[in-house]
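Asker: Below you'll find target-v1.pdb; it's PDB, C-alpha atoms and all ligand atoms.
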```
ATOM      1  CA  MET X   1     -15.508 -19.804 -10.678
ATOM      2  CA  THR X   2     -16.076 -17.491  -7.733
ATOM      3  CA  VAL X   3     -16.141 -19.173  -4.369
ATOM      4  CA  ALA X   4     -18.445 -17.463  -1.912
ATOM      5  CA  ARG X   5     -17.000 -16.257   1.344
ATOM      6  CA  THR X   6     -18.993 -17.535   4.267
ATOM      7  CA  VAL X   7     -19.222 -16.848   7.969
ATOM      8  CA  ARG X   8     -20.587 -18.987  10.768
ATOM      9  CA  VAL X   9     -20.800 -19.029  14.529
ATOM     10  CA  HIS X  10     -19.897 -22.178  16.420
ATOM     11  CA  ASP X  11     -21.670 -23.595  19.465
ATOM     12  CA  SER X  12     -18.864 -22.325  21.701
ATOM     13  CA  CYS X  13     -20.483 -18.860  21.479
ATOM     14  CA  ILE X  14     -21.414 -17.619  24.957
ATOM     15  CA  GLY X  15     -23.521 -14.688  23.791
ATOM     16  CA  VAL X  16     -21.301 -11.834  24.899
ATOM     17  CA  GLY X  17     -22.440  -9.787  21.925
ATOM     18  CA  LEU X  18     -19.156  -8.214  20.855
ATOM     19  CA  CYS X  19     -19.735  -9.448  17.341
ATOM     20  CA  GLU X  20     -23.105  -7.718  17.109
ATOM     21  CA  SER X  21     -21.526  -4.483  18.321
ATOM     22  CA  LEU X  22     -18.715  -4.654  15.781
ATOM     23  CA  ALA X  23     -20.679  -5.985  12.816
ATOM     24  CA  PRO X  24     -24.424  -5.525  13.355
ATOM     25  CA  LYS X  25     -25.187  -6.303   9.728
ATOM     26  CA  VAL X  26     -23.562  -9.713  10.046
ATOM     27  CA  PHE X  27     -24.356 -10.910  13.582
ATOM     28  CA  SER X  28     -27.382 -10.665  15.824
ATOM     29  CA  LEU X  29     -28.094 -12.014  19.282
ATOM     30  CA  GLY X  30     -31.783 -11.252  19.049
ATOM     31  CA  GLU X  31     -33.599 -12.898  21.915
ATOM     32  CA  GLY X  32     -31.237 -15.835  21.977
ATOM     33  CA  THR X  33     -28.167 -16.691  23.971
ATOM     34  CA  GLN X  34     -25.922 -17.296  21.002
ATOM     35  CA  ALA X  35     -25.117 -15.067  18.070
ATOM     36  CA  LYS X  36     -26.794 -15.802  14.775
ATOM     37  CA  VAL X  37     -25.391 -15.006  11.373
ATOM     38  CA  LEU X  38     -27.795 -12.778   9.458
ATOM     39  CA  SER X  39     -26.392 -13.725   6.079
ATOM     40  CA  ALA X  40     -24.094 -16.711   5.635
ATOM     41  CA  ASP X  41     -22.614 -15.192   2.475
ATOM     42  CA  LEU X  42     -20.235 -12.408   3.379
ATOM     43  CA  PRO X  43     -19.850  -9.620   0.812
ATOM     44  CA  ASP X  44     -16.706  -7.491   0.612
ATOM     45  CA  ASP X  45     -18.220  -4.494   2.376
ATOM     46  CA  LEU X  46     -18.982  -6.563   5.480
ATOM     47  CA  LEU X  47     -15.701  -8.445   5.610
ATOM     48  CA  GLU X  48     -13.779  -5.924   7.708
ATOM     49  CA  GLY X  49     -16.391  -5.784  10.454
ATOM     50  CA  ALA X  50     -16.790  -9.551  10.479
ATOM     51  CA  THR X  51     -13.021 -10.001  10.697
ATOM     52  CA  ASP X  52     -12.850  -7.539  13.592
ATOM     53  CA  ALA X  53     -15.577  -9.510  15.328
ATOM     54  CA  ALA X  54     -13.806 -12.815  14.740
ATOM     55  CA  GLU X  55     -10.620 -11.420  16.238
ATOM     56  CA  ALA X  56     -12.462  -9.900  19.203
ATOM     57  CA  CYS X  57     -14.649 -12.907  20.021
ATOM     58  CA  PRO X  58     -13.513 -14.246  23.400
ATOM     59  CA  MET X  59     -14.474 -17.786  22.422
ATOM     60  CA  ALA X  60     -12.997 -17.743  18.911
ATOM     61  CA  ALA X  61     -16.445 -18.903  17.849
ATOM     62  CA  ILE X  62     -16.564 -17.033  14.549
ATOM     63  CA  GLN X  63     -15.249 -18.778  11.470
ATOM     64  CA  ILE X  64     -14.788 -17.054   8.138
ATOM     65  CA  ASP X  65     -14.090 -19.212   5.103
ATOM     66  CA  GLY X  66     -13.263 -18.292   1.578
TER
HETATM   67  S1  LIG X 101     -18.445 -12.271  20.189
HETATM   68 FE1  LIG X 101     -18.242 -14.530  20.072
HETATM   69  S2  LIG X 101     -19.018 -15.312  22.023
HETATM   70 FE2  LIG X 101     -19.723 -13.185  21.785
HETATM   71  S3  LIG X 101     -21.768 -13.367  20.876
HETATM   72 FE3  LIG X 101     -20.305 -13.088  19.209
HETATM   73  S4  LIG X 101     -19.770 -15.179  18.564
HETATM   74 FE4  LIG X 101     -20.707 -15.317  20.573
END
```
Produce structure tokens that represent the structure in this file.

Answerer:
Amino acid sequence: MTVARTVRVHDSCIGVGLCESLAPKVFSLGEGTQAKVLSADLPDDLLEGATDAAEACPMAAIQIDG
């Protein structure tokens, strides 16, 4: 069975927007003050950008599972 890889943003997000810059297909600030995940399931081609964003996030608010 294949377990889906997922990404989420925790409430500790302060809306700096680094994640959107590094992985605009995964994260969006939109009009809000916290980043939103555009697609909770994270395909292989978006993993690198999402991982970069998780490592760059000043609040360690991005969690990738799977
Ligand atoms: S980089 Fe981190 S703190 Fe900044 S918007 Fe993204 S999740 Fe929020």

Asker: If you apply the PyMOL selection byres (((chain X and resi 53-64) around 6) and not hetatm) to this file, what residues do you get, as a PyMOL selection string?

Answerer: chain X and resi 6-10+12-13+19+22+50-52+65

Asker: Atom CA of X:Gly32 to atom CA of X:Leu46: how many Å, to one decimal?

Answerer: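 Interatomic distance here is 22.5 Å.
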
Asker: Mind giving me the straight-line distance from atom S4 of ligand LIG 101 (chain X) to atom CA of X:Ala35 in Å, one decimal?

Answerer: 5.4 Å

Asker: Quick one: pull the distance between atom CA of X:Glu31 and atom CA of X:Asp44, Å, one decimal.

Answerer: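 Going from atom CA of X:Glu31 over to atom CA of X:Asp44, I get 27.7 Å.
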
Asker: Counting all atoms listed in the file, which of X:Gly66, X:Pro24, X:Gly17, X:Gly49 gets nearest to ligand LIG 101 (chain X)?

Answerer: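 Result for the nearest residue to ligand LIG 101 (chain X): X:Gly17.
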
Asker: Using all atoms listed in the file, which residue out of X:Leu42, X:Val37, X:Ala4, X:Leu47 lies closest to ligand LIG 101 (chain X)?

Answerer: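 Answer, going by the shortest atom-to-atom distance: X:Val37.
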
Asker: Padding 6 Å on every side, please: axis-aligned box over the listed atoms of stretch 46-65 of chain X, centre and edge lengths to one decimal in Å, as lines of an AutoDock Vina configuration file.

Answerer:
```
center_x = -14.8
center_y = -12.5
center_z = 14.3
size_x = 20.4
size_y = 25.4
size_z = 30.3
```

Asker: Please write the residues picked by the PyMOL selection byres (((chain X and resi 27) around 6) and not hetatm) on this file as a ChimeraX atom specification.

Answerer: /X:20,24,26,28,36-38

Asker: Export, as a PDB file, in the coordinates of the input, the selected residues with C-alpha atoms.

Answerer:
```pdb
ATOM      1  CA  GLU X  20     -23.105  -7.718  17.109  1.00  0.00           C
ATOM      2  CA  PRO X  24     -24.424  -5.525  13.355  1.00  0.00           C
ATOM      3  CA  VAL X  26     -23.562  -9.713  10.046  1.00  0.00           C
ATOM      4  CA  SER X  28     -27.382 -10.665  15.824  1.00  0.00           C
ATOM      5  CA  LYS X  36     -26.794 -15.802  14.775  1.00  0.00           C
ATOM      6  CA  VAL X  37     -25.391 -15.006  11.373  1.00  0.00           C
ATOM      7  CA  LEU X  38     -27.795 -12.778   9.458  1.00  0.00           C
TER       8      LEU X  38
END
```

Asker: Considering only C-alpha atoms and all ligand atoms, state which residue in the set X:Asp11, X:Arg5, X:Asp41, X:Leu18 is at the smallest distance from ligand LIG 101 (chain X).

Answerer: X:Leu18

Asker: Using only C-alpha atoms and all ligand atoms for the distances, tell me which of X:Leu29, X:Gly15, X:Ser39, X:Ser21 is nearest to ligand LIG 101 (chain X).

Answerer: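 The shortest atom-to-atom distance to ligand LIG 101 (chain X) comes from X:Gly15.
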
Asker: Could you write stretch 5-36 of chain X as a PDB file, keeping the file's coordinate frame, with N, CA and C atoms rebuilt where they are missing?

Answerer:
```pdb
ATOM      1  N   ARG X   5     -17.554 -16.349  -0.001  1.00  0.00           N
ATOM      2  CA  ARG X   5     -17.000 -16.257   1.344  1.00  0.00           C
ATOM      3  C   ARG X   5     -18.144 -16.450   2.327  1.00  0.00           C
ATOM      4  N   THR X   6     -17.911 -17.256   3.327  1.00  0.00           N
ATOM      5  CA  THR X   6     -18.993 -17.535   4.267  1.00  0.00           C
ATOM      6  C   THR X   6     -18.541 -17.292   5.702  1.00  0.00           C
ATOM      7  N   VAL X   7     -19.507 -17.057   6.546  1.00  0.00           N
ATOM      8  CA  VAL X   7     -19.222 -16.848   7.969  1.00  0.00           C
ATOM      9  C   VAL X   7     -20.193 -17.687   8.779  1.00  0.00           C
ATOM     10  N   ARG X   8     -19.694 -18.234   9.875  1.00  0.00           N
ATOM     11  CA  ARG X   8     -20.587 -18.987  10.768  1.00  0.00           C
ATOM     12  C   ARG X   8     -20.124 -18.833  12.210  1.00  0.00           C
ATOM     13  N   VAL X   9     -21.067 -19.109  13.091  1.00  0.00           N
ATOM     14  CA  VAL X   9     -20.800 -19.029  14.529  1.00  0.00           C
ATOM     15  C   VAL X   9     -20.915 -20.432  15.106  1.00  0.00           C
ATOM     16  N   HIS X  10     -19.903 -20.836  15.828  1.00  0.00           N
ATOM     17  CA  HIS X  10     -19.897 -22.178  16.420  1.00  0.00           C
ATOM     18  C   HIS X  10     -20.636 -22.198  17.756  1.00  0.00           C
ATOM     19  N   ASP X  11     -20.928 -23.412  18.217  1.00  0.00           N
ATOM     20  CA  ASP X  11     -21.670 -23.595  19.465  1.00  0.00           C
ATOM     21  C   ASP X  11     -20.916 -23.098  20.693  1.00  0.00           C
ATOM     22  N   SER X  12     -19.645 -22.833  20.560  1.00  0.00           N
ATOM     23  CA  SER X  12     -18.864 -22.325  21.701  1.00  0.00           C
ATOM     24  C   SER X  12     -19.231 -20.886  22.048  1.00  0.00           C
ATOM     25  N   CYS X  13     -20.022 -20.232  21.211  1.00  0.00           N
ATOM     26  CA  CYS X  13     -20.483 -18.860  21.479  1.00  0.00           C
ATOM     27  C   CYS X  13     -21.173 -18.802  22.848  1.00  0.00           C
ATOM     28  N   ILE X  14     -20.799 -17.784  23.629  1.00  0.00           N
ATOM     29  CA  ILE X  14     -21.414 -17.619  24.957  1.00  0.00           C
ATOM     30  C   ILE X  14     -22.303 -16.371  25.012  1.00  0.00           C
ATOM     31  N   GLY X  15     -22.539 -15.763  23.858  1.00  0.00           N
ATOM     32  CA  GLY X  15     -23.521 -14.688  23.791  1.00  0.00           C
ATOM     33  C   GLY X  15     -23.082 -13.359  24.381  1.00  0.00           C
ATOM     34  N   VAL X  16     -21.805 -13.101  24.361  1.00  0.00           N
ATOM     35  CA  VAL X  16     -21.301 -11.834  24.899  1.00  0.00           C
ATOM     36  C   VAL X  16     -21.790 -10.638  24.061  1.00  0.00           C
ATOM     37  N   GLY X  17     -21.895 -10.829  22.774  1.00  0.00           N
ATOM     38  CA  GLY X  17     -22.440  -9.787  21.925  1.00  0.00           C
ATOM     39  C   GLY X  17     -21.438  -8.837  21.294  1.00  0.00           C
ATOM     40  N   LEU X  18     -20.158  -9.082  21.496  1.00  0.00           N
ATOM     41  CA  LEU X  18     -19.156  -8.214  20.855  1.00  0.00           C
ATOM     42  C   LEU X  18     -19.330  -8.205  19.341  1.00  0.00           C
ATOM     43  N   CYS X  19     -19.623  -9.349  18.799  1.00  0.00           N
ATOM     44  CA  CYS X  19     -19.735  -9.448  17.341  1.00  0.00           C
ATOM     45  C   CYS X  19     -20.868  -8.559  16.830  1.00  0.00           C
ATOM     46  N   GLU X  20     -21.976  -8.552  17.531  1.00  0.00           N
ATOM     47  CA  GLU X  20     -23.105  -7.718  17.109  1.00  0.00           C
ATOM     48  C   GLU X  20     -22.733  -6.240  17.181  1.00  0.00           C
ATOM     49  N   SER X  21     -21.949  -5.871  18.188  1.00  0.00           N
ATOM     50  CA  SER X  21     -21.526  -4.483  18.321  1.00  0.00           C
ATOM     51  C   SER X  21     -20.601  -4.073  17.179  1.00  0.00           C
ATOM     52  N   LEU X  22     -19.720  -4.979  16.794  1.00  0.00           N
ATOM     53  CA  LEU X  22     -18.715  -4.654  15.781  1.00  0.00           C
ATOM     54  C   LEU X  22     -19.244  -4.810  14.352  1.00  0.00           C
ATOM     55  N   ALA X  23     -20.173  -5.713  14.167  1.00  0.00           N
ATOM     56  CA  ALA X  23     -20.679  -5.985  12.816  1.00  0.00           C
ATOM     57  C   ALA X  23     -22.174  -6.300  12.884  1.00  0.00           C
ATOM     58  N   PRO X  24     -22.988  -5.278  13.158  1.00  0.00           N
ATOM     59  CA  PRO X  24     -24.424  -5.525  13.355  1.00  0.00           C
ATOM     60  C   PRO X  24     -25.165  -5.981  12.102  1.00  0.00           C
ATOM     61  N   LYS X  25     -24.541  -5.815  10.948  1.00  0.00           N
ATOM     62  CA  LYS X  25     -25.187  -6.303   9.728  1.00  0.00           C
ATOM     63  C   LYS X  25     -24.897  -7.781   9.486  1.00  0.00           C
ATOM     64  N   VAL X  26     -23.959  -8.316  10.254  1.00  0.00           N
ATOM     65  CA  VAL X  26     -23.562  -9.713  10.046  1.00  0.00           C
ATOM     66  C   VAL X  26     -24.070 -10.612  11.171  1.00  0.00           C
ATOM     67  N   PHE X  27     -24.014 -10.083  12.425  1.00  0.00           N
ATOM     68  CA  PHE X  27     -24.356 -10.910  13.582  1.00  0.00           C
ATOM     69  C   PHE X  27     -25.502 -10.281  14.373  1.00  0.00           C
ATOM     70  N   SER X  28     -26.314 -11.143  14.952  1.00  0.00           N
ATOM     71  CA  SER X  28     -27.382 -10.665  15.824  1.00  0.00           C
ATOM     72  C   SER X  28     -27.609 -11.659  16.954  1.00  0.00           C
ATOM     73  N   LEU X  29     -27.758 -11.143  18.149  1.00  0.00           N
ATOM     74  CA  LEU X  29     -28.094 -12.014  19.282  1.00  0.00           C
ATOM     75  C   LEU X  29     -29.599 -12.186  19.388  1.00  0.00           C
ATOM     76  N   GLY X  30     -30.341 -11.162  18.951  1.00  0.00           N
ATOM     77  CA  GLY X  30     -31.783 -11.252  19.049  1.00  0.00           C
ATOM     78  C   GLY X  30     -32.215 -11.557  20.464  1.00  0.00           C
ATOM     79  N   GLU X  31     -33.124 -12.489  20.593  1.00  0.00           N
ATOM     80  CA  GLU X  31     -33.599 -12.898  21.915  1.00  0.00           C
ATOM     81  C   GLU X  31     -32.830 -14.112  22.428  1.00  0.00           C
ATOM     82  N   GLY X  32     -31.917 -14.602  21.630  1.00  0.00           N
ATOM     83  CA  GLY X  32     -31.237 -15.835  21.977  1.00  0.00           C
ATOM     84  C   GLY X  32     -30.015 -15.630  22.846  1.00  0.00           C
ATOM     85  N   THR X  33     -29.364 -16.723  23.137  1.00  0.00           N
ATOM     86  CA  THR X  33     -28.167 -16.691  23.971  1.00  0.00           C
ATOM     87  C   THR X  33     -26.901 -16.916  23.168  1.00  0.00           C
ATOM     88  N   GLN X  34     -27.074 -17.172  21.884  1.00  0.00           N
ATOM     89  CA  GLN X  34     -25.922 -17.296  21.002  1.00  0.00           C
ATOM     90  C   GLN X  34     -26.144 -16.417  19.781  1.00  0.00           C
ATOM     91  N   ALA X  35     -25.028 -15.924  19.247  1.00  0.00           N
ATOM     92  CA  ALA X  35     -25.117 -15.067  18.070  1.00  0.00           C
ATOM     93  C   ALA X  35     -25.577 -15.869  16.857  1.00  0.00           C
ATOM     94  N   LYS X  36     -26.369 -15.219  16.043  1.00  0.00           N
ATOM     95  CA  LYS X  36     -26.794 -15.802  14.775  1.00  0.00           C
ATOM     96  C   LYS X  36     -26.167 -14.998  13.641  1.00  0.00           C
TER      97      LYS X  36
END
```
